[in-house]
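*Asks:* Below are the structure tokens for one structure; questions will follow.
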Amino acid sequence: MRFDILTLFPEMFRGPFDESIIRRGQDKGLVSIVLHQIREYATDRHQTVDDSPYGGGAGMVMKPEPLSACITAARLQNPAATVLLTTPRGTPLTHQLAVELAGKSGLIIVCGRYEGVDERVHELHVDLELSIGDYVLSGGELAAMVVVDSITRLVPGVLGSDESAADDSFSDGLLEYPQYTRPAAFCGLTVPEVLLSGNHARIAQWRRQQALQRTLERRPDLLQSAPLSEHDRRLLAELGR
Ligand code: 9D3
């Protein structure tokens with residue numbers, strides 16, 4: 001997967017992209033990330049990338065010419081790519097959408113700044129507008145990092161077989177069961193006996209029950225769409241659902 005990221009703040013990406021899973025995806029040659037400074041495509045003496053909105057109002061709007069030129073340049077290098085724009089008015093990112101985007105051969109991600117982007121850039125270039133949730137960020141860069149991270153871990157081969165994305169919460173539609181490691185007693189709190197039993201069937205059943213209980217308590221909305229067995233439904237009935 002090739003990501004081209006178009007931003008006024010490329011330096012924001014270096015730390016996060018140089019560590020952990022995203023670093024490993026790049027080292028394995030499975031993921032490449034190219035950062036583009038939108039300002040380099042401004043043609044005036046002051047390298048202007050924004051202007052005040054037609055019709056008045058507060059704040060500034062990203063000018064179409066430098067951004068459009070930058071997208072065109074990225075497209076030449078990543079010709080089959082889908083163009084995403086991070087914006088608070090976009091479609092909310094979900095695990096399901098990340099899976100779909102991981103199936104693309106390339107992505108160009110435009111990071112919005114200021115009050116937004118001239119609408120003609122949306123019309124000419126943007127395939128999908130993406131938000132990462134209903135809270136206000138200062139710009140699209142942190143959202144773009146979230147998008148890249150959630151997609152990169154779904155690219156085949158990026159994760160090892162011991163950290164398979166298939167085990168992730170949300171891929172089975174439930175929250176995760178509680179995790180424990182040594183020591184067996186810590187600050188007077190002990191590990192549930194079943195996890196020490198070595199009985200793998202009982203352990204799997206306990207974990208499923210815990211996942212269902214947590215989901216019921218914290219995210220009951222997820223139970224609407226989670227694939228549930230008859231046994232799951234019986235357990236939920238016992239929990240008073
Ligand atoms: C005055 C209306 N505001 C829109 C809700 C203006 C505005 C706020 C924040 C315009 C841009 C931004 C910057 N945010 C993003 O670019 C952004 C974002 C976000 O704020 N929340 C969740 N996802 C995203 S993706 C990009």
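By order in the structure tokens, chains are A, B, ...; within a chain, residues start at 1; ligands start at 1, following the order shown.
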Select the residues contacting ligand 1 at a distance of at most 12 Å, based on only C-alpha atoms and all ligand atoms, then format the selection as a VMD selection string.
*Replies:* chain A and resid 7 57 to 62 84 to 93 109 to 117 128 to 147
*Asks:* Next, the residues of the selection above should be written as a short mmCIF file (atom, residue, chain, number, x, y, z; two decimals), in the first residue's frame with N, CA and C atoms.
*Replies:*
```cif
data_model
loop_
_atom_site.label_atom_id
_atom_site.label_comp_id
_atom_site.auth_asym_id
_atom_site.auth_seq_id
_atom_site.Cartn_x
_atom_site.Cartn_y
_atom_site.Cartn_z
N THR A 7 0.01 17.87 3.09
CA THR A 7 -0.15 18.59 4.35
C THR A 7 0.68 19.87 4.35
N GLY A 57 -17.24 35.94 6.64
CA GLY A 57 -17.19 34.95 7.72
C GLY A 57 -15.80 34.84 8.29
N ALA A 58 -15.73 34.16 9.43
CA ALA A 58 -14.47 34.07 10.16
C ALA A 58 -13.52 33.07 9.50
N GLY A 59 -12.25 33.25 9.75
CA GLY A 59 -11.25 32.25 9.36
C GLY A 59 -10.87 32.31 7.90
N MET A 60 -10.10 31.30 7.49
CA MET A 60 -9.54 31.25 6.15
C MET A 60 -9.89 29.92 5.50
N VAL A 61 -9.78 29.89 4.17
CA VAL A 61 -10.09 28.70 3.37
C VAL A 61 -8.84 28.33 2.59
N MET A 62 -8.59 27.04 2.44
CA MET A 62 -7.44 26.62 1.62
C MET A 62 -7.72 26.93 0.15
N LEU A 84 -8.59 10.74 -0.47
CA LEU A 84 -9.34 10.99 0.77
C LEU A 84 -9.05 12.41 1.25
N LEU A 85 -10.03 13.02 1.88
CA LEU A 85 -9.83 14.32 2.53
C LEU A 85 -10.30 14.20 3.97
N THR A 86 -9.44 14.56 4.91
CA THR A 86 -9.86 14.56 6.32
C THR A 86 -10.56 15.87 6.63
N THR A 87 -11.79 15.76 7.10
CA THR A 87 -12.62 16.94 7.40
C THR A 87 -13.67 16.58 8.44
N PRO A 88 -14.03 17.52 9.33
CA PRO A 88 -15.02 17.21 10.35
C PRO A 88 -16.39 16.83 9.76
N ARG A 89 -16.64 17.20 8.51
CA ARG A 89 -17.95 16.86 7.93
C ARG A 89 -17.94 15.54 7.17
N GLY A 90 -16.81 14.78 7.26
CA GLY A 90 -16.69 13.55 6.49
C GLY A 90 -17.45 12.38 7.08
N THR A 91 -17.43 11.27 6.35
CA THR A 91 -17.99 10.00 6.82
C THR A 91 -17.16 9.52 8.02
N PRO A 92 -17.78 9.12 9.14
CA PRO A 92 -16.99 8.65 10.28
C PRO A 92 -16.19 7.39 9.94
N LEU A 93 -14.91 7.37 10.32
CA LEU A 93 -14.07 6.19 10.12
C LEU A 93 -14.53 5.07 11.05
N ILE A 109 -4.03 11.10 0.79
CA ILE A 109 -4.78 11.70 1.90
C ILE A 109 -4.46 13.18 1.97
N VAL A 110 -5.48 13.99 1.77
CA VAL A 110 -5.33 15.44 1.86
C VAL A 110 -5.73 15.86 3.28
N CYS A 111 -4.83 16.55 3.96
CA CYS A 111 -5.12 17.01 5.32
C CYS A 111 -5.69 18.42 5.27
N GLY A 112 -6.95 18.56 5.67
CA GLY A 112 -7.57 19.87 5.71
C GLY A 112 -6.98 20.72 6.82
N ARG A 113 -6.97 22.02 6.60
CA ARG A 113 -6.55 23.00 7.63
C ARG A 113 -7.47 24.21 7.54
N TYR A 114 -7.34 25.15 8.42
CA TYR A 114 -8.17 26.35 8.47
C TYR A 114 -9.65 25.94 8.58
N GLU A 115 -10.56 26.76 8.05
CA GLU A 115 -11.99 26.43 8.14
C GLU A 115 -12.36 25.33 7.15
N GLY A 116 -11.47 25.04 6.21
CA GLY A 116 -11.77 24.00 5.23
C GLY A 116 -11.11 24.28 3.89
N VAL A 117 -11.54 23.52 2.89
CA VAL A 117 -10.92 23.51 1.57
C VAL A 117 -11.94 24.06 0.57
N LEU A 128 -13.53 10.53 -1.27
CA LEU A 128 -14.19 10.25 0.01
C LEU A 128 -13.69 11.23 1.07
N GLU A 129 -14.64 11.84 1.79
CA GLU A 129 -14.30 12.71 2.92
C GLU A 129 -14.43 11.89 4.19
N LEU A 130 -13.43 12.00 5.07
CA LEU A 130 -13.37 11.17 6.27
C LEU A 130 -13.23 12.02 7.52
N SER A 131 -14.02 11.69 8.55
CA SER A 131 -13.87 12.26 9.89
C SER A 131 -13.45 11.12 10.82
N ILE A 132 -12.79 11.43 11.93
CA ILE A 132 -12.49 10.35 12.88
C ILE A 132 -13.36 10.42 14.13
N GLY A 133 -14.38 11.28 14.14
CA GLY A 133 -15.30 11.29 15.26
C GLY A 133 -15.81 12.68 15.56
N ASP A 134 -16.79 12.74 16.44
CA ASP A 134 -17.47 14.00 16.72
C ASP A 134 -16.81 14.77 17.84
N TYR A 135 -15.64 15.32 17.55
CA TYR A 135 -14.93 16.23 18.44
C TYR A 135 -14.08 17.09 17.55
N VAL A 136 -13.65 18.25 18.04
CA VAL A 136 -12.98 19.22 17.18
C VAL A 136 -11.47 19.10 17.33
N LEU A 137 -10.80 18.85 16.21
CA LEU A 137 -9.33 18.85 16.13
C LEU A 137 -8.89 20.20 15.55
N SER A 138 -7.58 20.44 15.59
CA SER A 138 -7.05 21.70 15.05
C SER A 138 -6.77 21.61 13.56
N GLY A 139 -6.83 20.41 13.00
CA GLY A 139 -6.57 20.23 11.58
C GLY A 139 -6.63 18.76 11.25
N GLY A 140 -6.45 18.43 9.99
CA GLY A 140 -6.64 17.06 9.54
C GLY A 140 -5.46 16.14 9.74
N GLU A 141 -4.32 16.64 10.23
CA GLU A 141 -3.11 15.81 10.28
C GLU A 141 -3.24 14.64 11.26
N LEU A 142 -3.69 14.92 12.49
CA LEU A 142 -3.83 13.81 13.45
C LEU A 142 -4.85 12.80 12.94
N ALA A 143 -5.90 13.27 12.29
CA ALA A 143 -6.88 12.35 11.70
C ALA A 143 -6.23 11.49 10.63
N ALA A 144 -5.38 12.09 9.80
CA ALA A 144 -4.70 11.31 8.74
C ALA A 144 -3.81 10.23 9.35
N MET A 145 -3.15 10.54 10.46
CA MET A 145 -2.31 9.54 11.14
C MET A 145 -3.15 8.37 11.63
N VAL A 146 -4.32 8.68 12.17
CA VAL A 146 -5.24 7.62 12.64
C VAL A 146 -5.67 6.75 11.46
N VAL A 147 -5.99 7.38 10.35
CA VAL A 147 -6.41 6.65 9.15
C VAL A 147 -5.27 5.72 8.68
#
```
*Asks:* Skip Val49 (chain A) itself and residues of its chain fewer than 3 positions away, then list as number ranges by chain all residues within 8 Å of it, counting only C-alpha atoms.
*Replies:* A: 38-39, 42, 62-63, 66-67
*Asks:* Could you dump the residues just selected with C-alpha atoms as a tab-separated table (two decimals), in the first residue's frame?
*Replies:*
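Output (part26.tsv):
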```tsv
chain	number	residue	atom	x	y	z
A	38	ILE	CA	1.33	21.69	-0.12
A	39	ARG	CA	3.09	25.06	0.27
A	42	ALA	CA	2.13	27.85	-4.22
A	62	MET	CA	-7.44	26.62	1.62
A	63	LYS	CA	-6.96	28.08	-1.87
A	66	PRO	CA	-1.71	25.00	-4.75
A	67	LEU	CA	-3.76	22.13	-3.32
```
*Asks:* By how many Å are CA of Met1 (chain A) and CA of Phe17 (chain A) apart?
*Replies:*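 Atom-to-atom, CA of Met1 (chain A) to CA of Phe17 (chain A), that is 14.4 Å.
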*Asks:* Identify, with DSSP run on backbone atoms, the residues in region 39-134 of chain A assigned to helix (DSSP H, G or I), and express the list as a PyMOL selection string.
*Replies:* chain A and resi 39-41+64-77+95-102+119-125
*Asks:* Can you spit out the residues from that selection as a compact mmCIF listing (two decimals), in the first residue's frame, using N, CA, C and O atoms?
*Replies:*
```
# COMPACT_ATOMS: atom_id res chain seq x y z
N ARG A 39 2.57 23.70 0.49
CA ARG A 39 3.09 25.06 0.27
C ARG A 39 4.07 25.12 -0.90
O ARG A 39 4.21 26.16 -1.55
N GLU A 40 4.75 24.00 -1.18
CA GLU A 40 5.71 23.99 -2.30
C GLU A 40 5.02 24.20 -3.64
O GLU A 40 5.69 24.48 -4.64
N TYR A 41 3.70 24.05 -3.68
CA TYR A 41 2.96 24.20 -4.94
C TYR A 41 2.33 25.58 -5.08
O TYR A 41 1.63 25.85 -6.06
N PRO A 64 -7.67 26.89 -3.88
CA PRO A 64 -7.69 25.69 -4.73
C PRO A 64 -6.40 25.42 -5.52
O PRO A 64 -6.05 24.25 -5.70
N GLU A 65 -5.70 26.48 -6.01
CA GLU A 65 -4.62 26.21 -6.98
C GLU A 65 -3.46 25.40 -6.41
O GLU A 65 -3.06 24.38 -7.01
N PRO A 66 -2.86 25.79 -5.25
CA PRO A 66 -1.71 25.00 -4.75
C PRO A 66 -2.13 23.58 -4.38
O PRO A 66 -1.42 22.61 -4.70
N LEU A 67 -3.30 23.44 -3.76
CA LEU A 67 -3.76 22.13 -3.32
C LEU A 67 -4.05 21.24 -4.53
O LEU A 67 -3.64 20.06 -4.57
N SER A 68 -4.70 21.79 -5.54
CA SER A 68 -5.01 21.03 -6.75
C SER A 68 -3.73 20.60 -7.45
O SER A 68 -3.62 19.43 -7.89
N ALA A 69 -2.74 21.48 -7.52
CA ALA A 69 -1.46 21.14 -8.17
C ALA A 69 -0.75 20.04 -7.39
O ALA A 69 -0.15 19.12 -7.98
N CYS A 70 -0.83 20.10 -6.07
CA CYS A 70 -0.18 19.09 -5.22
C CYS A 70 -0.86 17.73 -5.40
O CYS A 70 -0.19 16.70 -5.50
N ILE A 71 -2.20 17.71 -5.48
CA ILE A 71 -2.94 16.45 -5.68
C ILE A 71 -2.58 15.86 -7.05
O ILE A 71 -2.34 14.66 -7.18
N THR A 72 -2.51 16.72 -8.07
CA THR A 72 -2.16 16.25 -9.42
C THR A 72 -0.76 15.62 -9.42
O THR A 72 -0.56 14.55 -10.03
N ALA A 73 0.17 16.24 -8.72
CA ALA A 73 1.55 15.70 -8.65
C ALA A 73 1.55 14.35 -7.93
O ALA A 73 2.22 13.40 -8.37
N ALA A 74 0.79 14.24 -6.84
CA ALA A 74 0.73 12.97 -6.10
C ALA A 74 0.09 11.88 -6.94
O ALA A 74 0.53 10.72 -6.94
N ARG A 75 -0.95 12.25 -7.71
CA ARG A 75 -1.65 11.30 -8.59
C ARG A 75 -0.74 10.71 -9.64
O ARG A 75 -0.89 9.54 -10.01
N LEU A 76 0.19 11.51 -10.16
CA LEU A 76 1.14 11.02 -11.17
C LEU A 76 2.01 9.91 -10.59
O LEU A 76 2.39 8.98 -11.30
N GLN A 77 2.31 10.01 -9.28
CA GLN A 77 3.18 9.02 -8.63
C GLN A 77 2.40 7.84 -8.07
O GLN A 77 2.99 6.81 -7.76
N HIS A 95 -14.02 0.52 11.67
CA HIS A 95 -13.18 -0.64 11.32
C HIS A 95 -13.57 -1.17 9.94
O HIS A 95 -12.70 -1.49 9.13
N GLN A 96 -14.88 -1.25 9.70
CA GLN A 96 -15.39 -1.74 8.41
C GLN A 96 -14.83 -0.90 7.25
O GLN A 96 -14.37 -1.45 6.24
N LEU A 97 -14.83 0.43 7.40
CA LEU A 97 -14.32 1.31 6.35
C LEU A 97 -12.81 1.14 6.20
O LEU A 97 -12.29 1.14 5.08
N ALA A 98 -12.09 0.96 7.32
CA ALA A 98 -10.64 0.74 7.25
C ALA A 98 -10.34 -0.54 6.46
O ALA A 98 -9.40 -0.57 5.65
N VAL A 99 -11.14 -1.59 6.68
CA VAL A 99 -10.95 -2.84 5.92
C VAL A 99 -11.13 -2.58 4.43
O VAL A 99 -10.33 -3.04 3.60
N GLU A 100 -12.17 -1.82 4.07
CA GLU A 100 -12.40 -1.51 2.65
C GLU A 100 -11.23 -0.73 2.06
O GLU A 100 -10.76 -1.03 0.95
N LEU A 101 -10.74 0.26 2.81
CA LEU A 101 -9.65 1.10 2.28
C LEU A 101 -8.33 0.32 2.20
O LEU A 101 -7.51 0.59 1.34
N ALA A 102 -8.15 -0.66 3.08
CA ALA A 102 -6.93 -1.49 3.04
C ALA A 102 -6.88 -2.32 1.77
O ALA A 102 -5.80 -2.78 1.38
N GLU A 119 -14.47 24.36 -2.15
CA GLU A 119 -15.36 23.27 -2.55
C GLU A 119 -14.99 22.67 -3.91
O GLU A 119 -15.23 21.48 -4.17
N ARG A 120 -14.37 23.45 -4.80
CA ARG A 120 -14.04 22.94 -6.13
C ARG A 120 -12.97 21.85 -6.07
O ARG A 120 -12.90 20.98 -6.95
N VAL A 121 -12.14 21.88 -5.02
CA VAL A 121 -11.15 20.80 -4.85
C VAL A 121 -11.87 19.49 -4.51
O VAL A 121 -11.52 18.43 -5.03
N HIS A 122 -12.91 19.57 -3.67
CA HIS A 122 -13.72 18.38 -3.39
C HIS A 122 -14.28 17.84 -4.70
O HIS A 122 -14.19 16.65 -4.99
N GLU A 123 -14.90 18.72 -5.47
CA GLU A 123 -15.58 18.29 -6.71
C GLU A 123 -14.61 17.69 -7.70
O GLU A 123 -14.93 16.69 -8.36
N LEU A 124 -13.43 18.29 -7.84
CA LEU A 124 -12.49 17.86 -8.88
C LEU A 124 -11.73 16.60 -8.50
O LEU A 124 -11.39 15.80 -9.37
N HIS A 125 -11.41 16.44 -7.22
CA HIS A 125 -10.38 15.46 -6.85
C HIS A 125 -10.78 14.45 -5.79
O HIS A 125 -10.16 13.39 -5.70
```
*Asks:* For region 26-37 of chain A, find every residue with an atom within 6 Å (counting only C-alpha atoms), except residues of its own chain fewer than 6 positions away, and show them as an MDAnalysis selection string.
*Replies:* chainID A and resid 1:8
*Asks:* At a cut-off of 10 Å, using only C-alpha atoms, what residues contact Gln179 (chain A)? Leave out same-chain residues fewer than 5 positions from it and give the result as a count of residues only.
*Replies:* 3
*Asks:* Can you tell me, as a short mmCIF file (atom, residue, chain, number, x, y, z; two decimals) with N, CA, C and O atoms, in the first residue's frame, what residues are no more than 10 Å from Trp206 (chain A) when counting only C-alpha atoms, ignoring any on the same chain fewer than 6 positions away?
*Replies:*
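result.cif was written with the following content:
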```
data_model
loop_
_atom_site.label_atom_id
_atom_site.label_comp_id
_atom_site.auth_asym_id
_atom_site.auth_seq_id
_atom_site.Cartn_x
_atom_site.Cartn_y
_atom_site.Cartn_z
N TYR A 177 -12.11 -8.98 26.15
CA TYR A 177 -12.14 -9.54 27.50
C TYR A 177 -10.94 -9.01 28.29
O TYR A 177 -9.96 -8.55 27.71
N PRO A 192 -8.18 -14.28 37.83
CA PRO A 192 -9.28 -15.25 37.89
C PRO A 192 -8.76 -16.69 37.75
O PRO A 192 -7.94 -16.97 36.86
N VAL A 194 -9.85 -19.43 36.61
CA VAL A 194 -10.05 -20.15 35.34
C VAL A 194 -8.85 -19.98 34.40
O VAL A 194 -8.48 -20.90 33.68
N LEU A 195 -8.20 -18.80 34.45
CA LEU A 195 -7.08 -18.53 33.53
C LEU A 195 -5.83 -19.33 33.92
O LEU A 195 -4.91 -19.47 33.11
N HIS A 200 -8.61 -25.10 28.28
CA HIS A 200 -8.75 -24.10 27.21
C HIS A 200 -10.19 -23.86 26.80
O HIS A 200 -10.55 -22.74 26.43
N LEU A 212 -18.92 -10.31 26.28
CA LEU A 212 -20.34 -9.97 26.16
C LEU A 212 -20.78 -9.05 27.29
O LEU A 212 -21.47 -8.06 27.07
#
```
*Asks:* Determine which residues of region 24-228 of chain A DSSP labels as strand (DSSP E or B) from the backbone of this structure, then write them out as JSON, numbers by chain.
*Replies:* {"A": [32, 33, 34, 35, 36, 37, 50, 51, 61, 62, 82, 83, 84, 85, 86, 87, 88, 89, 90, 91, 92, 106, 107, 108, 109, 110, 111, 117, 128, 129, 130, 131, 185, 186, 189, 190]}
*Asks:* How would the residues just chosen look if you wrote them out with N, CA, C and O atoms as a compact mmCIF listing (two decimals), in the first residue's frame?
*Replies:*
```
# COMPACT_ATOMS: atom_id res chain seq x y z
N SER A 32 4.43 2.10 1.86
CA SER A 32 5.31 3.25 1.69
C SER A 32 4.49 4.51 1.91
O SER A 32 3.30 4.56 1.57
N ILE A 33 5.13 5.48 2.54
CA ILE A 33 4.46 6.73 2.89
C ILE A 33 5.29 7.87 2.34
O ILE A 33 6.48 7.98 2.66
N VAL A 34 4.66 8.70 1.49
CA VAL A 34 5.36 9.85 0.92
C VAL A 34 4.63 11.11 1.37
O VAL A 34 3.41 11.23 1.20
N LEU A 35 5.38 12.02 1.99
CA LEU A 35 4.80 13.28 2.48
C LEU A 35 5.02 14.37 1.44
O LEU A 35 6.10 14.46 0.85
N HIS A 36 3.99 15.19 1.24
CA HIS A 36 4.07 16.30 0.27
C HIS A 36 3.74 17.59 1.00
O HIS A 36 2.69 17.66 1.67
N GLN A 37 4.59 18.59 0.86
CA GLN A 37 4.34 19.92 1.44
C GLN A 37 3.50 20.72 0.44
O GLN A 37 3.99 21.10 -0.63
N ASP A 50 -3.77 30.03 1.58
CA ASP A 50 -5.12 30.26 2.11
C ASP A 50 -5.58 31.65 1.73
O ASP A 50 -4.79 32.50 1.32
N ASP A 51 -6.90 31.85 1.86
CA ASP A 51 -7.48 33.15 1.55
C ASP A 51 -8.80 33.26 2.30
O ASP A 51 -9.32 32.24 2.79
N VAL A 61 -9.78 29.89 4.17
CA VAL A 61 -10.09 28.70 3.37
C VAL A 61 -8.84 28.33 2.59
O VAL A 61 -8.11 29.21 2.13
N MET A 62 -8.59 27.04 2.44
CA MET A 62 -7.44 26.62 1.62
C MET A 62 -7.72 26.93 0.15
O MET A 62 -8.73 26.48 -0.40
N THR A 82 -7.05 6.16 -4.51
CA THR A 82 -8.28 6.82 -4.08
C THR A 82 -7.88 8.06 -3.28
O THR A 82 -6.95 8.01 -2.48
N VAL A 83 -8.57 9.17 -3.53
CA VAL A 83 -8.23 10.43 -2.85
C VAL A 83 -9.18 10.65 -1.66
O VAL A 83 -10.40 10.71 -1.83
N LEU A 84 -8.59 10.74 -0.47
CA LEU A 84 -9.34 10.99 0.77
C LEU A 84 -9.05 12.41 1.25
O LEU A 84 -7.94 12.90 1.07
N LEU A 85 -10.03 13.02 1.88
CA LEU A 85 -9.83 14.32 2.53
C LEU A 85 -10.30 14.20 3.97
O LEU A 85 -11.42 13.74 4.22
N THR A 86 -9.44 14.56 4.91
CA THR A 86 -9.86 14.56 6.32
C THR A 86 -10.56 15.87 6.63
O THR A 86 -10.01 16.95 6.42
N THR A 87 -11.79 15.76 7.10
CA THR A 87 -12.62 16.94 7.40
C THR A 87 -13.67 16.58 8.44
O THR A 87 -14.15 15.44 8.45
N PRO A 88 -14.03 17.52 9.33
CA PRO A 88 -15.02 17.21 10.35
C PRO A 88 -16.39 16.83 9.76
O PRO A 88 -17.20 16.21 10.44
N ARG A 89 -16.64 17.20 8.51
CA ARG A 89 -17.95 16.86 7.93
C ARG A 89 -17.94 15.54 7.17
O ARG A 89 -18.90 15.19 6.49
N GLY A 90 -16.81 14.78 7.26
CA GLY A 90 -16.69 13.55 6.49
C GLY A 90 -17.45 12.38 7.08
O GLY A 90 -18.04 12.45 8.16
N THR A 91 -17.43 11.27 6.35
CA THR A 91 -17.99 10.00 6.82
C THR A 91 -17.16 9.52 8.02
O THR A 91 -15.94 9.50 7.94
N PRO A 92 -17.78 9.12 9.14
CA PRO A 92 -16.99 8.65 10.28
C PRO A 92 -16.19 7.39 9.94
O PRO A 92 -16.72 6.46 9.34
N GLY A 106 -3.64 2.12 -3.53
CA GLY A 106 -2.99 3.34 -3.07
C GLY A 106 -4.00 4.32 -2.53
O GLY A 106 -5.17 4.29 -2.91
N LEU A 107 -3.54 5.17 -1.62
CA LEU A 107 -4.40 6.23 -1.05
C LEU A 107 -3.64 7.55 -1.06
O LEU A 107 -2.45 7.59 -0.72
N ILE A 108 -4.32 8.60 -1.46
CA ILE A 108 -3.80 9.96 -1.34
C ILE A 108 -4.66 10.63 -0.27
O ILE A 108 -5.89 10.65 -0.39
N ILE A 109 -4.03 11.10 0.79
CA ILE A 109 -4.78 11.70 1.90
C ILE A 109 -4.46 13.18 1.97
O ILE A 109 -3.30 13.56 2.20
N VAL A 110 -5.48 13.99 1.77
CA VAL A 110 -5.33 15.44 1.86
C VAL A 110 -5.73 15.86 3.28
O VAL A 110 -6.83 15.54 3.73
N CYS A 111 -4.83 16.55 3.96
CA CYS A 111 -5.12 17.01 5.32
C CYS A 111 -5.69 18.42 5.27
O CYS A 111 -5.00 19.36 4.88
N VAL A 117 -11.54 23.52 2.89
CA VAL A 117 -10.92 23.51 1.57
C VAL A 117 -11.94 24.06 0.57
O VAL A 117 -13.13 23.76 0.68
N LEU A 128 -13.53 10.53 -1.27
CA LEU A 128 -14.19 10.25 0.01
C LEU A 128 -13.69 11.23 1.07
O LEU A 128 -12.48 11.42 1.23
N GLU A 129 -14.64 11.84 1.79
CA GLU A 129 -14.30 12.71 2.92
C GLU A 129 -14.43 11.89 4.19
O GLU A 129 -15.41 11.18 4.39
N LEU A 130 -13.43 12.00 5.07
CA LEU A 130 -13.37 11.17 6.27
C LEU A 130 -13.23 12.02 7.52
O LEU A 130 -12.40 12.94 7.58
N SER A 131 -14.02 11.69 8.55
CA SER A 131 -13.87 12.26 9.89
C SER A 131 -13.45 11.12 10.82
O SER A 131 -13.70 9.95 10.51
N ALA A 185 -0.69 -12.68 41.87
CA ALA A 185 -1.30 -11.77 42.85
C ALA A 185 -0.53 -10.44 42.79
O ALA A 185 0.70 -10.43 42.80
N PHE A 186 -1.27 -9.33 42.71
CA PHE A 186 -0.66 -8.00 42.60
C PHE A 186 -1.48 -7.01 43.39
O PHE A 186 -2.69 -6.87 43.15
N LEU A 189 -4.74 -8.14 44.51
CA LEU A 189 -5.71 -8.56 43.48
C LEU A 189 -5.18 -9.79 42.76
O LEU A 189 -4.02 -9.80 42.34
N THR A 190 -6.04 -10.80 42.62
CA THR A 190 -5.59 -12.05 42.02
C THR A 190 -6.18 -12.24 40.62
O THR A 190 -7.18 -11.62 40.25
```
*Asks:* Out of A:Arg202, A:Lys104, A:Arg241, A:His231, which residue has the shortest atom-to-atom distance to Leu216 (chain A) when counting only C-alpha atoms?
*Replies:*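 So, comparing all the options, the nearest one is A:Arg241.
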*Asks:* Find the distance between CA of Asp149 (chain A) and CA of Thr215 (chain A) and write it in Å to one decimal.
*Replies:*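 Interatomic distance here is 24.2 Å.
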*Asks:* Could you check which of A:Cys187, A:Val155, A:Leu223, A:Ala201 is closest to Ile22 (chain A), using only C-alpha atoms?
*Replies:*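 Among the listed residues, the smallest separation from Ile22 (chain A) belongs to A:Val155.
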*Asks:* Quick one: of A:Ser161, A:Leu174, A:Arg182, A:Asn199, who's nearest to Glu217 (chain A), counting only C-alpha atoms?
*Replies:*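 Of all the options, A:Leu174 lies closest to Glu217 (chain A).
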*Asks:* Interatomic distance between CA of Pro227 (chain A) and CA of Glu163 (chain A)?
*Replies:*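 Spanning CA of Pro227 (chain A) to CA of Glu163 (chain A) is a straight-line distance of 22.0 Å.
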